[in-house]
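Trainee: See entry-v1.pdb below, with PDB, C-alpha atoms and all ligand atoms.
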ATOM      1  CA  MET A 299     -12.719   2.432 -13.224  1.00  0.00           C
ATOM      2  CA  LEU A 300     -10.513   3.521 -10.340  1.00  0.00           C
ATOM      3  CA  LEU A 301      -7.340   1.896 -11.588  1.00  0.00           C
ATOM      4  CA  SER A 302      -6.481   0.205 -14.874  1.00  0.00           C
ATOM      5  CA  LEU A 303      -3.229  -1.464 -15.830  1.00  0.00           C
ATOM      6  CA  LYS A 304      -2.912  -1.876 -19.571  1.00  0.00           C
ATOM      7  CA  ASN A 305      -0.319  -4.169 -21.161  1.00  0.00           C
ATOM      8  CA  ILE A 306       2.250  -3.703 -18.420  1.00  0.00           C
ATOM      9  CA  SER A 307       5.625  -5.364 -19.016  1.00  0.00           C
ATOM     10  CA  LYS A 308       8.748  -5.194 -16.906  1.00  0.00           C
ATOM     11  CA  SER A 309      12.060  -6.996 -17.146  1.00  0.00           C
ATOM     12  CA  TYR A 310      15.300  -6.762 -15.235  1.00  0.00           C
ATOM     13  CA  SER A 311      18.746  -7.470 -16.580  1.00  0.00           C
ATOM     14  CA  SER A 312      21.355  -8.796 -14.192  1.00  0.00           C
ATOM     15  CA  ASN A 313      24.058  -8.415 -16.857  1.00  0.00           C
ATOM     16  CA  ALA A 314      24.354  -7.614 -20.568  1.00  0.00           C
ATOM     17  CA  THR A 315      23.078 -10.992 -21.740  1.00  0.00           C
ATOM     18  CA  GLU A 316      20.603 -12.042 -19.078  1.00  0.00           C
ATOM     19  CA  HIS A 317      17.155 -10.470 -19.151  1.00  0.00           C
ATOM     20  CA  ARG A 318      14.425 -11.680 -16.897  1.00  0.00           C
ATOM     21  CA  GLN A 319      10.878 -10.867 -17.906  1.00  0.00           C
ATOM     22  CA  VAL A 320       9.101 -10.367 -14.577  1.00  0.00           C
ATOM     23  CA  LEU A 321       5.769  -9.020 -15.873  1.00  0.00           C
ATOM     24  CA  SER A 322       4.522  -9.870 -19.381  1.00  0.00           C
ATOM     25  CA  ASP A 323       1.651  -7.866 -20.792  1.00  0.00           C
ATOM     26  CA  ILE A 324      -0.335  -7.585 -17.565  1.00  0.00           C
ATOM     27  CA  ASN A 325      -3.882  -6.205 -17.620  1.00  0.00           C
ATOM     28  CA  LEU A 326      -5.789  -5.445 -14.458  1.00  0.00           C
ATOM     29  CA  GLU A 327      -8.826  -3.370 -13.547  1.00  0.00           C
ATOM     30  CA  ILE A 328      -9.626  -2.439  -9.980  1.00  0.00           C
ATOM     31  CA  LYS A 329     -12.932  -0.933  -8.921  1.00  0.00           C
ATOM     32  CA  GLU A 330     -13.190   1.699  -6.222  1.00  0.00           C
ATOM     33  CA  GLY A 331     -13.670   0.279  -2.719  1.00  0.00           C
ATOM     34  CA  TYR A 332     -12.647  -3.232  -3.735  1.00  0.00           C
ATOM     35  CA  ARG A 333     -10.465  -5.507  -1.661  1.00  0.00           C
ATOM     36  CA  VAL A 334      -7.979  -7.263  -3.933  1.00  0.00           C
ATOM     37  CA  ALA A 335      -5.384  -9.897  -3.023  1.00  0.00           C
ATOM     38  CA  ILE A 336      -2.360 -10.760  -5.147  1.00  0.00           C
ATOM     39  CA  VAL A 337      -0.677 -14.088  -4.458  1.00  0.00           C
ATOM     40  CA  GLY A 338       2.109 -15.991  -6.190  1.00  0.00           C
ATOM     41  CA  PRO A 339       5.452 -17.679  -5.674  1.00  0.00           C
ATOM     42  CA  SER A 340       8.437 -15.823  -4.268  1.00  0.00           C
ATOM     43  CA  GLY A 341      10.164 -13.865  -7.024  1.00  0.00           C
ATOM     44  CA  SER A 342       7.092 -13.879  -9.274  1.00  0.00           C
ATOM     45  CA  GLY A 343       6.979 -10.069  -9.370  1.00  0.00           C
ATOM     46  CA  LYS A 344       4.303  -9.188  -6.785  1.00  0.00           C
ATOM     47  CA  THR A 345       6.336  -6.378  -5.223  1.00  0.00           C
ATOM     48  CA  THR A 346       7.342  -5.147  -8.682  1.00  0.00           C
ATOM     49  CA  LEU A 347       3.662  -4.991  -9.668  1.00  0.00           C
ATOM     50  CA  LEU A 348       2.675  -3.176  -6.474  1.00  0.00           C
ATOM     51  CA  ASN A 349       5.511  -0.676  -6.939  1.00  0.00           C
ATOM     52  CA  ILE A 350       4.348   0.033 -10.493  1.00  0.00           C
ATOM     53  CA  ILE A 351       0.781   0.593  -9.262  1.00  0.00           C
ATOM     54  CA  GLY A 352       2.146   2.905  -6.560  1.00  0.00           C
ATOM     55  CA  THR A 353       4.357   4.783  -9.070  1.00  0.00           C
ATOM     56  CA  LEU A 354       7.530   3.876  -7.173  1.00  0.00           C
ATOM     57  CA  ASP A 355       8.686   1.943 -10.241  1.00  0.00           C
ATOM     58  CA  LYS A 356       8.050   2.449 -13.958  1.00  0.00           C
ATOM     59  CA  PRO A 357       7.014  -0.273 -16.398  1.00  0.00           C
ATOM     60  CA  ASP A 358       9.056  -0.850 -19.581  1.00  0.00           C
ATOM     61  CA  GLN A 359       5.800  -0.876 -21.497  1.00  0.00           C
ATOM     62  CA  GLY A 360       2.154  -0.229 -20.800  1.00  0.00           C
ATOM     63  CA  GLN A 361       0.062   2.287 -18.963  1.00  0.00           C
ATOM     64  CA  VAL A 362      -1.294   2.812 -15.483  1.00  0.00           C
ATOM     65  CA  LEU A 363      -4.557   4.748 -15.548  1.00  0.00           C
ATOM     66  CA  TYR A 364      -6.007   6.348 -12.427  1.00  0.00           C
ATOM     67  CA  ARG A 365      -9.633   7.373 -13.014  1.00  0.00           C
ATOM     68  CA  GLU A 366      -8.886   7.037 -16.757  1.00  0.00           C
ATOM     69  CA  GLU A 367      -5.890   9.397 -16.549  1.00  0.00           C
ATOM     70  CA  ASP A 368      -2.493   8.043 -17.641  1.00  0.00           C
ATOM     71  CA  ILE A 369      -0.230   8.655 -14.671  1.00  0.00           C
ATOM     72  CA  SER A 370       2.929   7.823 -16.632  1.00  0.00           C
ATOM     73  CA  GLN A 371       2.444  11.234 -18.252  1.00  0.00           C
ATOM     74  CA  LEU A 372       2.925  13.053 -14.923  1.00  0.00           C
ATOM     75  CA  ASP A 373       6.224  14.801 -14.190  1.00  0.00           C
ATOM     76  CA  ASN A 374       8.131  14.066 -10.977  1.00  0.00           C
ATOM     77  CA  GLN A 375       6.463  16.790  -8.969  1.00  0.00           C
ATOM     78  CA  GLN A 376       2.981  15.739 -10.065  1.00  0.00           C
ATOM     79  CA  LEU A 377       3.883  12.117  -9.312  1.00  0.00           C
ATOM     80  CA  ALA A 378       4.998  12.998  -5.790  1.00  0.00           C
ATOM     81  CA  SER A 379       1.745  14.812  -5.170  1.00  0.00           C
ATOM     82  CA  PHE A 380      -0.277  11.956  -6.718  1.00  0.00           C
ATOM     83  CA  ARG A 381       1.502   9.503  -4.424  1.00  0.00           C
ATOM     84  CA  SER A 382       0.950  11.567  -1.290  1.00  0.00           C
ATOM     85  CA  GLN A 383      -2.737  12.199  -1.992  1.00  0.00           C
ATOM     86  CA  VAL A 384      -3.875   8.958  -3.580  1.00  0.00           C
ATOM     87  CA  ILE A 385      -1.622   6.145  -2.377  1.00  0.00           C
ATOM     88  CA  GLY A 386      -0.813   4.763   1.055  1.00  0.00           C
ATOM     89  CA  PHE A 387       1.871   2.075   1.450  1.00  0.00           C
ATOM     90  CA  VAL A 388       2.310  -0.599   4.087  1.00  0.00           C
ATOM     91  CA  PHE A 389       5.215  -3.030   3.882  1.00  0.00           C
ATOM     92  CA  GLN A 390       6.203  -6.222   5.677  1.00  0.00           C
ATOM     93  CA  HIS A 391       8.413  -4.172   8.012  1.00  0.00           C
ATOM     94  CA  HIS A 392       7.040  -1.018   9.577  1.00  0.00           C
ATOM     95  CA  TYR A 393       9.974   1.327   8.767  1.00  0.00           C
ATOM     96  CA  LEU A 394       9.033   3.675  11.611  1.00  0.00           C
ATOM     97  CA  LEU A 395      11.819   6.073  12.600  1.00  0.00           C
ATOM     98  CA  PRO A 396      13.273   4.690  15.862  1.00  0.00           C
ATOM     99  CA  GLN A 397      14.165   8.104  17.322  1.00  0.00           C
ATOM    100  CA  CYS A 398      10.631   9.464  16.889  1.00  0.00           C
ATOM    101  CA  THR A 399       7.489   8.730  18.889  1.00  0.00           C
ATOM    102  CA  LEU A 400       4.516   7.019  17.246  1.00  0.00           C
ATOM    103  CA  TRP A 401       2.744  10.364  17.099  1.00  0.00           C
ATOM    104  CA  GLU A 402       5.712  11.987  15.312  1.00  0.00           C
ATOM    105  CA  ASN A 403       6.038   9.000  12.987  1.00  0.00           C
ATOM    106  CA  ILE A 404       2.430   9.002  11.877  1.00  0.00           C
ATOM    107  CA  LEU A 405       2.565  12.746  11.128  1.00  0.00           C
ATOM    108  CA  ILE A 406       5.548  12.462   8.753  1.00  0.00           C
ATOM    109  CA  PRO A 407       3.328  12.330   5.612  1.00  0.00           C
ATOM    110  CA  THR A 408       1.703  15.591   6.746  1.00  0.00           C
ATOM    111  CA  LEU A 409       4.998  17.537   6.892  1.00  0.00           C
ATOM    112  CA  PRO A 410       5.013  18.624   3.215  1.00  0.00           C
ATOM    113  CA  ILE A 411       1.404  19.878   3.410  1.00  0.00           C
ATOM    114  CA  ARG A 412       1.398  23.681   3.278  1.00  0.00           C
ATOM    115  CA  ASP A 413      -2.328  24.349   3.428  1.00  0.00           C
ATOM    116  CA  ARG A 414      -3.187  24.889   7.108  1.00  0.00           C
ATOM    117  CA  ALA A 415      -6.717  23.475   6.888  1.00  0.00           C
ATOM    118  CA  LEU A 416      -5.539  20.317   5.090  1.00  0.00           C
ATOM    119  CA  LYS A 417      -2.735  19.832   7.594  1.00  0.00           C
ATOM    120  CA  ASN A 418      -5.179  20.105  10.498  1.00  0.00           C
ATOM    121  CA  GLN A 419      -7.496  17.673   8.752  1.00  0.00           C
ATOM    122  CA  SER A 420      -4.687  15.092   8.481  1.00  0.00           C
ATOM    123  CA  THR A 421      -3.645  15.649  12.108  1.00  0.00           C
ATOM    124  CA  ASP A 422      -7.239  15.080  13.244  1.00  0.00           C
ATOM    125  CA  ARG A 423      -7.398  11.990  11.060  1.00  0.00           C
ATOM    126  CA  GLY A 424      -4.180  10.758  12.728  1.00  0.00           C
ATOM    127  CA  LYS A 425      -5.773  11.083  16.171  1.00  0.00           C
ATOM    128  CA  GLU A 426      -8.864   9.229  15.047  1.00  0.00           C
ATOM    129  CA  LEU A 427      -6.846   6.437  13.404  1.00  0.00           C
ATOM    130  CA  LEU A 428      -4.629   5.937  16.455  1.00  0.00           C
ATOM    131  CA  LYS A 429      -7.764   5.494  18.542  1.00  0.00           C
ATOM    132  CA  ARG A 430      -9.396   3.146  16.052  1.00  0.00           C
ATOM    133  CA  THR A 431      -6.279   0.964  15.842  1.00  0.00           C
ATOM    134  CA  GLY A 432      -5.952   0.821  19.626  1.00  0.00           C
ATOM    135  CA  ILE A 433      -2.578   2.561  19.982  1.00  0.00           C
ATOM    136  CA  TRP A 434      -3.659   6.019  21.141  1.00  0.00           C
ATOM    137  CA  ALA A 435      -2.342   5.392  24.669  1.00  0.00           C
ATOM    138  CA  GLN A 436       1.079   4.516  23.237  1.00  0.00           C
ATOM    139  CA  ARG A 437       1.388   7.607  21.014  1.00  0.00           C
ATOM    140  CA  HIS A 438       4.230   9.175  23.006  1.00  0.00           C
ATOM    141  CA  GLN A 439       6.305   5.989  22.996  1.00  0.00           C
ATOM    142  CA  LYS A 440       9.024   5.131  20.503  1.00  0.00           C
ATOM    143  CA  PRO A 441       8.883   2.074  18.214  1.00  0.00           C
ATOM    144  CA  GLY A 442      11.556   0.271  20.269  1.00  0.00           C
ATOM    145  CA  GLU A 443       9.238   0.341  23.293  1.00  0.00           C
ATOM    146  CA  LEU A 444       6.317  -1.237  21.430  1.00  0.00           C
ATOM    147  CA  SER A 445       5.373  -4.653  20.093  1.00  0.00           C
ATOM    148  CA  GLY A 446       5.702  -5.589  16.422  1.00  0.00           C
ATOM    149  CA  GLY A 447       1.921  -5.629  16.086  1.00  0.00           C
ATOM    150  CA  GLU A 448       1.601  -2.147  17.576  1.00  0.00           C
ATOM    151  CA  CYS A 449       4.327  -0.810  15.264  1.00  0.00           C
ATOM    152  CA  GLN A 450       2.644  -2.342  12.231  1.00  0.00           C
ATOM    153  CA  ARG A 451      -0.659  -0.742  13.237  1.00  0.00           C
ATOM    154  CA  ALA A 452       1.179   2.596  13.468  1.00  0.00           C
ATOM    155  CA  ALA A 453       2.522   1.989   9.950  1.00  0.00           C
ATOM    156  CA  VAL A 454      -1.094   1.567   8.775  1.00  0.00           C
ATOM    157  CA  VAL A 455      -2.054   4.829  10.500  1.00  0.00           C
ATOM    158  CA  ARG A 456       0.876   6.606   8.837  1.00  0.00           C
ATOM    159  CA  ALA A 457      -0.218   5.230   5.446  1.00  0.00           C
ATOM    160  CA  LEU A 458      -3.779   6.483   5.942  1.00  0.00           C
ATOM    161  CA  VAL A 459      -3.195   9.831   7.621  1.00  0.00           C
ATOM    162  CA  ASN A 460      -3.619  11.838   4.392  1.00  0.00           C
ATOM    163  CA  SER A 461      -6.792   9.882   3.526  1.00  0.00           C
ATOM    164  CA  PRO A 462      -5.554   8.113   0.371  1.00  0.00           C
ATOM    165  CA  THR A 463      -7.950   6.432  -2.053  1.00  0.00           C
ATOM    166  CA  ILE A 464      -5.813   3.306  -2.371  1.00  0.00           C
ATOM    167  CA  LEU A 465      -3.889   1.353   0.249  1.00  0.00           C
ATOM    168  CA  LEU A 466      -1.130  -0.859  -1.137  1.00  0.00           C
ATOM    169  CA  ALA A 467       0.005  -3.499   1.325  1.00  0.00           C
ATOM    170  CA  ASP A 468       2.984  -5.745   0.554  1.00  0.00           C
ATOM    171  CA  GLU A 469       2.919  -8.740   2.923  1.00  0.00           C
ATOM    172  CA  PRO A 470       1.507  -6.512   5.693  1.00  0.00           C
ATOM    173  CA  THR A 471       1.193  -9.409   8.126  1.00  0.00           C
ATOM    174  CA  GLY A 472       4.341 -11.237   6.992  1.00  0.00           C
ATOM    175  CA  ALA A 473       6.380 -10.387  10.088  1.00  0.00           C
ATOM    176  CA  LEU A 474       3.597 -10.890  12.640  1.00  0.00           C
ATOM    177  CA  ASP A 475       2.449 -13.860  14.727  1.00  0.00           C
ATOM    178  CA  GLN A 476      -0.997 -15.263  14.090  1.00  0.00           C
ATOM    179  CA  ARG A 477      -2.853 -13.197  16.686  1.00  0.00           C
ATOM    180  CA  ASN A 478      -1.316  -9.940  15.480  1.00  0.00           C
ATOM    181  CA  SER A 479      -1.788 -10.947  11.830  1.00  0.00           C
ATOM    182  CA  GLU A 480      -5.476 -11.438  12.413  1.00  0.00           C
ATOM    183  CA  MET A 481      -5.771  -8.143  14.271  1.00  0.00           C
ATOM    184  CA  LEU A 482      -3.968  -6.259  11.501  1.00  0.00           C
ATOM    185  CA  ALA A 483      -6.062  -7.917   8.783  1.00  0.00           C
ATOM    186  CA  GLU A 484      -9.227  -6.930  10.642  1.00  0.00           C
ATOM    187  CA  ILE A 485      -8.017  -3.333  10.791  1.00  0.00           C
ATOM    188  CA  LEU A 486      -7.221  -3.259   7.055  1.00  0.00           C
ATOM    189  CA  PHE A 487     -10.595  -4.785   6.198  1.00  0.00           C
ATOM    190  CA  GLU A 488     -12.414  -2.399   8.512  1.00  0.00           C
ATOM    191  CA  PHE A 489     -10.825   0.625   6.787  1.00  0.00           C
ATOM    192  CA  ASN A 490     -11.648  -0.889   3.406  1.00  0.00           C
ATOM    193  CA  GLN A 491     -15.254  -1.400   4.392  1.00  0.00           C
ATOM    194  CA  SER A 492     -16.182   1.658   6.421  1.00  0.00           C
ATOM    195  CA  ASP A 493     -13.880   4.245   4.825  1.00  0.00           C
ATOM    196  CA  LYS A 494     -14.170   2.824   1.269  1.00  0.00           C
ATOM    197  CA  ILE A 495     -10.395   2.650   0.878  1.00  0.00           C
ATOM    198  CA  THR A 496      -9.480   0.387  -2.019  1.00  0.00           C
ATOM    199  CA  LEU A 497      -7.159  -2.285  -0.656  1.00  0.00           C
ATOM    200  CA  ILE A 498      -4.594  -4.041  -2.832  1.00  0.00           C
ATOM    201  CA  MET A 499      -2.736  -6.568  -0.765  1.00  0.00           C
ATOM    202  CA  VAL A 500       0.086  -8.977  -1.562  1.00  0.00           C
ATOM    203  CA  THR A 501       0.097 -11.949   0.767  1.00  0.00           C
ATOM    204  CA  HIS A 502       1.321 -15.512   1.192  1.00  0.00           C
ATOM    205  CA  ASP A 503      -1.470 -16.132   3.672  1.00  0.00           C
ATOM    206  CA  MET A 504      -4.265 -17.891   1.788  1.00  0.00           C
ATOM    207  CA  SER A 505      -6.754 -17.476   4.635  1.00  0.00           C
ATOM    208  CA  LEU A 506      -6.195 -13.727   4.384  1.00  0.00           C
ATOM    209  CA  ALA A 507      -6.423 -13.743   0.580  1.00  0.00           C
ATOM    210  CA  ALA A 508      -9.679 -15.730   0.813  1.00  0.00           C
ATOM    211  CA  LYS A 509     -11.322 -12.724   2.481  1.00  0.00           C
ATOM    212  CA  ALA A 510     -10.702 -10.505  -0.559  1.00  0.00           C
ATOM    213  CA  ASP A 511     -13.329  -9.664  -3.200  1.00  0.00           C
ATOM    214  CA  GLU A 512     -10.907 -10.830  -5.889  1.00  0.00           C
ATOM    215  CA  ILE A 513      -7.774 -12.962  -5.769  1.00  0.00           C
ATOM    216  CA  TYR A 514      -5.179 -12.693  -8.530  1.00  0.00           C
ATOM    217  CA  ILE A 515      -2.375 -15.171  -9.006  1.00  0.00           C
ATOM    218  CA  LEU A 516       0.878 -13.892 -10.464  1.00  0.00           C
ATOM    219  CA  LYS A 517       2.974 -16.628 -12.034  1.00  0.00           C
ATOM    220  CA  ASP A 518       5.473 -16.782 -14.904  1.00  0.00           C
ATOM    221  CA  GLY A 519       4.855 -13.128 -15.669  1.00  0.00           C
ATOM    222  CA  ASN A 520       1.090 -13.567 -16.040  1.00  0.00           C
ATOM    223  CA  LEU A 521      -1.730 -12.456 -13.811  1.00  0.00           C
ATOM    224  CA  ALA A 522      -4.817 -14.649 -13.562  1.00  0.00           C
ATOM    225  CA  LEU A 523      -8.043 -14.061 -11.674  1.00  0.00           C
ATOM    226  CA  GLN A 524      -8.873 -16.962  -9.406  1.00  0.00           C
ATOM    227  CA  ASN A 525     -12.496 -17.973  -9.740  1.00  0.00           C
TER     228      ASN A 525
HETATM  229  N1  LIG B 601      15.754  -3.667  -8.827  1.00  0.00           N
HETATM  230  C1  LIG B 601      15.879  -4.904  -9.327  1.00  0.00           C
HETATM  231  N2  LIG B 601      16.922  -5.237 -10.134  1.00  0.00           N
HETATM  232  C2  LIG B 601      17.040  -6.482 -10.665  1.00  0.00           C
HETATM  233  N3  LIG B 601      16.167  -7.473 -10.446  1.00  0.00           N
HETATM  234  C3  LIG B 601      15.112  -7.207  -9.648  1.00  0.00           C
HETATM  235  C4  LIG B 601      14.908  -5.921  -9.052  1.00  0.00           C
HETATM  236  N4  LIG B 601      13.770  -5.958  -8.315  1.00  0.00           N
HETATM  237  C5  LIG B 601      13.291  -7.223  -8.452  1.00  0.00           C
HETATM  238  N5  LIG B 601      14.082  -7.964  -9.235  1.00  0.00           N
HETATM  239  C6  LIG B 601      13.858  -9.364  -9.644  1.00  0.00           C
HETATM  240  O1  LIG B 601      12.545  -9.458 -10.150  1.00  0.00           O
HETATM  241  C7  LIG B 601      11.915 -10.647  -9.714  1.00  0.00           C
HETATM  242  C8  LIG B 601      10.616 -10.310  -9.016  1.00  0.00           C
HETATM  243  O2  LIG B 601      10.882  -9.662  -7.781  1.00  0.00           O
HETATM  244  P1  LIG B 601       9.756  -9.225  -6.776  1.00  0.00           P
HETATM  245  O3  LIG B 601      10.427  -8.625  -5.610  1.00  0.00           O
HETATM  246  O4  LIG B 601       8.774  -8.382  -7.485  1.00  0.00           O
HETATM  247  O5  LIG B 601       9.090 -10.635  -6.405  1.00  0.00           O
HETATM  248  P2  LIG B 601       8.002 -10.998  -5.294  1.00  0.00           P
HETATM  249  O6  LIG B 601       6.936 -11.762  -5.974  1.00  0.00           O
HETATM  250  O7  LIG B 601       7.618  -9.774  -4.558  1.00  0.00           O
HETATM  251  O8  LIG B 601       8.800 -11.989  -4.349  1.00  0.00           O
HETATM  252  P3  LIG B 601       8.649 -12.243  -2.738  1.00  0.00           P
HETATM  253  O9  LIG B 601       7.396 -13.054  -2.564  1.00  0.00           O
HETATM  254  O10 LIG B 601       9.863 -13.019  -2.389  1.00  0.00           O
HETATM  255  O11 LIG B 601       8.590 -10.909  -2.074  1.00  0.00           O
HETATM  256  C9  LIG B 601      12.929 -11.385  -8.855  1.00  0.00           C
HETATM  257  O12 LIG B 601      13.568 -12.350  -9.647  1.00  0.00           O
HETATM  258  C10 LIG B 601      13.888 -10.299  -8.444  1.00  0.00           C
HETATM  259  O13 LIG B 601      15.166 -10.815  -8.245  1.00  0.00           O
HETATM  260 MG    MG B 602       7.821  -9.136  -2.587  1.00  0.00          MG
END
Let me see whether you can do it: turn the structure in this file into structure tokens.
Ligand SMILES: Nc1ncnc2c1ncn2[C@@H]1O[C@H](COP(=O)(O)OP(=O)(O)OP(=O)(O)O)[C@@H](O)[C@H]1O
Ligand SMILES: [Mg+2]
Mentor:
Amino acid sequence: MLLSLKNISKSYSSNATEHRQVLSDINLEIKEGYRVAIVGPSGSGKTTLLNIIGTLDKPDQGQVLYREEDISQLDNQQLASFRSQVIGFVFQHHYLLPQCTLWENILIPTLPIRDRALKNQSTDRGKELLKRTGIWAQRHQKPGELSGGECQRAAVVRALVNSPTILLADEPTGALDQRNSEMLAEILFEFNQSDKITLIMVTHDMSLAAKADEIYILKDGNLALQN
């Protein structure tokens, strides 16, 4: 199994007396290369779940296993390297740096790489991805000079430049109009299919979720597979 979540629980406390259980004893198994959608009402904990999978947040209880290895046992340095090698993130907003060109933005994840050959490999991958997402011609422009759809495609390129195994996408089309949503979804699905990148996507868009191999519904702290 590529990824296993075992008995994951997470609660937040807004003050000393109020605890809100966001995730209650969640179990989830994700196979390599799969395309998984997570849907559910606003505030149901979808982002919290994605952040736990991506090691940006820690569960109160439970384990996250990557290829059967418990990643909660990793120290901070190992976690940072796990995140940069295994996980790519795309959010609802692109979070590109406005003062940098697209080319500079998409190379940011390659900056910490010391090994020359690996760095070159990621740079070459960046070129290829910019071409495949149709924004190669715009690579010397800054985000402010580009459309929302183009910026979001650049955010996908940035997420994939180090060739991660898993792409986590939190409402990736949430800020886009229909045409750009469809284009972005096609790009995500194409990378999932031809590059075997496991895609875990949170979305409100049921037509997008319907194109996943598996749809999970998160509600009242529980995760259920939709049949
Ligand atoms: N850092 C935090 N501190 C306290 N409460 C939090 C924190 N992060 C999330 N929450 C609470 O946890 C619950 C789940 O939040 P989360 O962002 O995971 O929901 P979501 O399903 O992604 O919602 P949306 O669809 O609106 O993005 C919400 O009630 C939220 O207020
Ligand atoms: Mg959210």
Trainee: Kindly resolve the PyMOL selection byres (((chain A and resi 341) around 10) and not hetatm) on the present coordinates and return the residues as an mmCIF file with C-alpha atoms, keeping the file's coordinate frame.
Mentor:
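After the write, part.cif holds the following:
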data_model
loop_
_atom_site.group_PDB
_atom_site.id
_atom_site.type_symbol
_atom_site.label_atom_id
_atom_site.label_comp_id
_atom_site.auth_asym_id
_atom_site.auth_seq_id
_atom_site.Cartn_x
_atom_site.Cartn_y
_atom_site.Cartn_z
ATOM 1 C CA VAL A 320 9.101 -10.367 -14.577
ATOM 2 C CA GLY A 338 2.109 -15.991 -6.190
ATOM 3 C CA PRO A 339 5.452 -17.679 -5.674
ATOM 4 C CA SER A 340 8.437 -15.823 -4.268
ATOM 5 C CA SER A 342 7.092 -13.879 -9.274
ATOM 6 C CA GLY A 343 6.979 -10.069 -9.370
ATOM 7 C CA LYS A 344 4.303 -9.188 -6.785
ATOM 8 C CA THR A 345 6.336 -6.378 -5.223
ATOM 9 C CA THR A 346 7.342 -5.147 -8.682
ATOM 10 C CA LEU A 516 0.878 -13.892 -10.464
ATOM 11 C CA LYS A 517 2.974 -16.628 -12.034
ATOM 12 C CA ASP A 518 5.473 -16.782 -14.904
#
Trainee: Could you list, as a ChimeraX atom specification, all protein and nucleic acid residues with an atom at most 12 Å from ligand LIG 601 (chain B), counting all atoms listed in the file?
Mentor: /A:307-313,316-321,336-350,354-357,389-390,467-470,472,499-503,515-521
Trainee: Compare A:Gln376, A:Glu443, A:Leu416, A:His391 by their minimum atom-to-atom distance to ligand MG 602 (chain B), counting all atoms listed in the file, and give me the closest one.
Mentor: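 For ligand MG 602 (chain B), the nearest of the candidates is A:His391.
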Trainee: Would you mind telling me which residue in A:Gln491, A:Ser505, A:Gly352, A:Asp422 lies nearest to Phe387 (chain A) when using only C-alpha atoms?
Mentor: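 Checking each of A:Gln491, A:Ser505, A:Gly352, A:Asp422 against Phe387 (chain A), counting only C-alpha atoms, the winner is A:Gly352.
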Trainee: Evaluate the PyMOL selection byres (((chain A and resi 305) around 8) and not hetatm) on the structure here and hand back the selected residues as a list in words.
Mentor: Leu303, Lys304, Ile306, Ser307, Ser322, Asp323, Ile324, Asn325, Gln359, Gly360 and Gln361 of chain A
Trainee: Give me the residues within 12 Å of Thr421 (chain A) as a list in words, counting only C-alpha atoms and dropping any in the same chain fewer than 3 places off.
Mentor: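 The residues that qualify are Trp401, Glu402, Asn403, Ile404, Leu405, Ile406, Pro407, Thr408, Leu409, Ile411, Arg414, Ala415, Leu416, Lys417, Asn418, Gly424, Lys425, Glu426, Leu427, Leu428, Val455, Arg456, Leu458, Val459, Asn460 and Ser461 of chain A.
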Trainee: Go through the shown structure with the PyMOL selection byres (((chain A and resi 525) around 12) and not hetatm) and write out the matching residues as number ranges by chain.
Mentor: A: 508, 510-515, 522-524
Trainee: Calculated over all atoms listed in the file, which of the candidates A:Arg451, A:Arg333, A:Arg365, A:Lys429 has the smallest distance to Leu301 (chain A)?
Mentor: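 When distances to Leu301 (chain A) are compared using all atoms listed in the file, the smallest one comes from A:Arg365.
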Trainee: So how many Å separate CA of Glu330 (chain A) and CA of Val384 (chain A), to one decimal?
Mentor: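 CA of Val384 (chain A) lies at a distance of 12.1 Å from CA of Glu330 (chain A).
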Trainee: Could you jot down the CA of Cys449 (chain A) to CA of Ile433 (chain A) separation for me, Å, one decimal place?
Mentor: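 The value is 9.0 Å.
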Trainee: Can you list, as a list in words, every protein, DNA or RNA residue that comes within 9 Å of Leu465 (chain A) when you count all atoms listed in the file, leaving out same-chain residues fewer than 6 positions away?
Mentor: Val384, Ile385, Gly386, Phe387, Val388, Val454, Ala457, Leu458, Leu486, Asn490, Ile495, Thr496, Leu497, Ile498 and Met499 of chain A
Trainee: Have a look at CA of Tyr393 (chain A) and CA of Ala453 (chain A) and let me know their distance in Å, one decimal.
Mentor: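 Between CA of Tyr393 (chain A) and CA of Ala453 (chain A) the gap works out to 7.6 Å.
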Trainee: In terms of the shortest atom-to-atom distance over all atoms listed in the file, which of A:Gln419, A:Gln450, A:Gln476, A:Ser379 is closest to Gly432 (chain A)?
Mentor: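 Smallest distance to Gly432 (chain A) is found for A:Gln450.
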Trainee: Can you spit out region 335-341 of chain A with N, CA and C atoms, as an mmCIF file, in the first residue's frame, from the structure just given?
Mentor:
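The result, stored in selection_9.cif:
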data_model
loop_
_atom_site.group_PDB
_atom_site.id
_atom_site.type_symbol
_atom_site.label_atom_id
_atom_site.label_comp_id
_atom_site.auth_asym_id
_atom_site.auth_seq_id
_atom_site.Cartn_x
_atom_site.Cartn_y
_atom_site.Cartn_z
ATOM 1 N N ALA A 335 -10.868 11.312 -4.662
ATOM 2 C CA ALA A 335 -11.509 12.592 -4.339
ATOM 3 C C ALA A 335 -12.063 12.535 -2.927
ATOM 4 N N ILE A 336 -11.925 13.635 -2.206
ATOM 5 C CA ILE A 336 -12.515 13.756 -0.869
ATOM 6 C C ILE A 336 -13.498 14.920 -0.914
ATOM 7 N N VAL A 337 -14.747 14.628 -0.587
ATOM 8 C CA VAL A 337 -15.775 15.671 -0.583
ATOM 9 C C VAL A 337 -16.380 15.743 0.820
ATOM 10 N N GLY A 338 -17.150 16.792 1.069
ATOM 11 C CA GLY A 338 -17.790 16.931 2.373
ATOM 12 C C GLY A 338 -18.115 18.378 2.646
ATOM 13 N N PRO A 339 -18.999 18.615 3.605
ATOM 14 C CA PRO A 339 -19.421 19.983 3.896
ATOM 15 C C PRO A 339 -18.259 20.865 4.348
ATOM 16 N N SER A 340 -18.448 22.163 4.222
ATOM 17 C CA SER A 340 -17.453 23.117 4.694
ATOM 18 C C SER A 340 -17.250 22.931 6.201
ATOM 19 N N GLY A 341 -16.004 22.900 6.619
ATOM 20 C CA GLY A 341 -15.697 22.731 8.038
ATOM 21 C C GLY A 341 -15.672 21.287 8.503
#
